[in-house]
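Asker: Input: one structure, supplied below.
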Amino acid sequence: MIIEIERSVIEYIAANYDSLNFSSSCIMGINKLAMAYHSKYHMIIGELDVLEYFSCCDLLDRTTIQLFTYLKSKFYEIGETCYNIKNRILIHMRNEEIENSNGVYFIKLTSLDSILKTRLISENIQDCEFYLSLYNSCRTAISKQNQYFDINLHPISCSGSDSLRVGRNEISQGAFVLLIMDSDMDHPLSNVGSSLTIARRFYNQYKKQNSLLLHELKVHEKENLISPSLRLLTINPQDKKYLEYLSMLENDEESNQKLKYFDFKEGINAGKYRTANKDWLSFYVDFFDFLKKGGYIHADLDNLSEDSEHIIATGVSNGSLNDFKDQILDKGVVKLLIEKKVALAEGCDIPEYVFDNLEQRIEISNDIFSFVPQYLKEDWMNIIDLLHEFGCSPNESMMIFHK
């Protein structure tokens with residue numbers, strides 16, 4: 001994250017300088033911040049006079065002084081970029097307790113224990129990896145990548161019911177936490193799932209005095225962030241005809257909402273349909289008509305037996321999501337192209353269209369955000385912005401002061 005050192009810190013140190021030494025908590029706190037920077041965990045900023053003060057403070061470690069001397073020299077280059085970032089840590093030495101607000105997380109310098117890499121917590125590691133892949137595939141296209149910053153996040157999985165214990169443990173160790181959870185809502189007026197309910201309880205308990213943010217997906221679950229048309233961008237997409245049919249809904253403002261809440265993994269079974277409330281039925285009535293016209297409803301909805309539990313509207317193979325992540329987000333199509341070229345050089349007969357197809361997919365993967373349907377762009381941007389802000393860390397070029 002961006003860690004800003006407030007002017008109150010140097011005012012406190014200057015006022016108490018004669019009574020401070022190398023082991024004073026405020027001096028050790030500044031050295032810990034420098035260590036977090038050296039470890040590429042977080043970016044440090046401050047007003048020019050703050051950086052100037054620490055570049056000359058002989059109570060600090062030598063490497064800490066070197067760091068602030070370097071940051072002072074970069075002040076006019078990186079200052080504007082850093083101050084445009086909303087979510088940040090503000091290190092202060094004010095006398096009063098300050099509650100976090102508007103993305104600013106207040107931490108008193110003397111209360112710093114350890115400073116760890118920001119934790120990215122979601123319901124499983126695959127979810128965390130998916131969000132990181134989404135960010136890395138888009139940051140160039142949407143100006144999140146620059147010559148100064150990378151993101152550095154430590155992924156942690158927890159079942160929704162375990163988010164309270166896992167989150168509390170990470171916070172107690174001094175970590176900043178970004179928690180991203182599925183809503184598990186199946187229509188806009190439904191209740192959220194049990195996992196998010198527990199995560200909300202954890203967030204509300206700790207948000208005022210800890211560097212913590214809960215982001216709730218505005219879709220059923222992460223699978224809904226990858227539209228049918230995006231899944232069709234892969235090589236030999238699974239469930240191709242079904243995806244092509246579903247993709248017809250993407251440009252209609254009312255219909256595409258069904259794609260945000262439809263359970264892509266499980267589909268809809270007869271039991272769910274029989275016991276659904278009027279809000280659910282009202283939301284999906286047009287969707288069922290659409291699926292029925294395409295031959296994708298597998299039951300007579302007006303004559304379902306009382307004990308029927310079979311699938312009436314199938315989901316989409318999870319392989320299409322995995323293929324999209326591997327081939328497009330993680331640019332696996334580049335590796336596929338190299339493998340085909342090697343095979344061709346070894347004498348294999350490979351048609352020219354195979355290479356054309358792979359090269360086209362590489363172009364798409366390099367500009368994937370422009371292929372995201374409009375109804376999902378805001379959801380993608382929210383995730384990208386949060387990973388950028390909570391994971392913001394100095395890149396290798398900002399380590400030059402070591403040389």
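Here's how to read the names in the structure tokens: chain A, B, ... by the order shown, residue numbers from 1 in each chain, ligand numbers from 1 in the order shown.
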Which residues, written as a PDB file with C-alpha atoms, in the first residue's frame, have at least one atom at most 10 Å from Asn31 in chain A, with only C-alpha atoms counted and residues fewer than 6 positions away on the same chain left out?
Answerer:
ATOM      1  CA  PHE A  22      17.956   4.222  18.604  1.00  0.00           C
ATOM      2  CA  SER A  25       9.513   3.253  19.573  1.00  0.00           C
ATOM      3  CA  TYR A  37       9.967  -0.658   1.564  1.00  0.00           C
ATOM      4  CA  LEU A  59      19.006   8.433  15.034  1.00  0.00           C
ATOM      5  CA  LEU A  60      17.875   6.293  12.112  1.00  0.00           C
ATOM      6  CA  ASP A  61      19.655   3.312  10.576  1.00  0.00           C
ATOM      7  CA  ARG A  62      22.028   4.122   7.738  1.00  0.00           C
ATOM      8  CA  THR A  63      19.910   2.279   5.163  1.00  0.00           C
ATOM      9  CA  THR A  64      16.825   4.171   6.345  1.00  0.00           C
ATOM     10  CA  ILE A  65      18.605   7.501   5.853  1.00  0.00           C
TER      11      ILE A  65
END
Asker: Can you pull out the residues contacting range 207-223 of chain A? Cut-off 6 Å, using only C-alpha atoms, and skip same-chain residues under 4 positions away; I want them as a list of chain:residue names.
Answerer: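 The filter keeps A:Glu99, A:Asn100, A:Tyr105, A:Phe176, A:Val177, A:Leu178, A:Leu179, A:Ile180, A:Met181, A:Asp182, A:Ser183, A:Asp184, A:Met185, A:Asp186, A:Tyr203, A:Lys260, A:Tyr261.
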Asker: From the options A:Asn224, A:Gln147, A:Thr118, A:Asn366, which residue's atoms come nearest to Leu387 in chain A, counting only C-alpha atoms?
Answerer: A:Thr118
Asker: Here is a test: counting only C-alpha atoms, which residue of A:Ile268, A:Tyr135, A:Val316, A:Ser308 is nearest to Lys241 in chain A?
Answerer: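 The shortest atom-to-atom distance to Lys241 in chain A comes from A:Val316.
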Asker: Compare A:Ser24, A:Ser133, A:Asn16, A:Asn204 by their minimum atom-to-atom distance to Ser111 in chain A, counting only C-alpha atoms, and give me the closest one.
Answerer: A:Ser24
Asker: Looking at only C-alpha atoms, which of A:Asn152, A:Asn251, A:Gln66, A:Asn95 is the one that sits closest to Gly391 in chain A?
Answerer: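 Smallest separation from Gly391 in chain A among the options: A:Asn152.
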Asker: Give me the residues near Gly167 in chain A as a PyMOL selection string, where near means some atom within 10 Å (using only C-alpha atoms) and where sequence neighbours in that chain fewer than 2 positions away do not count.
Answerer: chain A and resi 119+121+156+158+162-165+169-172+175-179+199+202-203+206+212
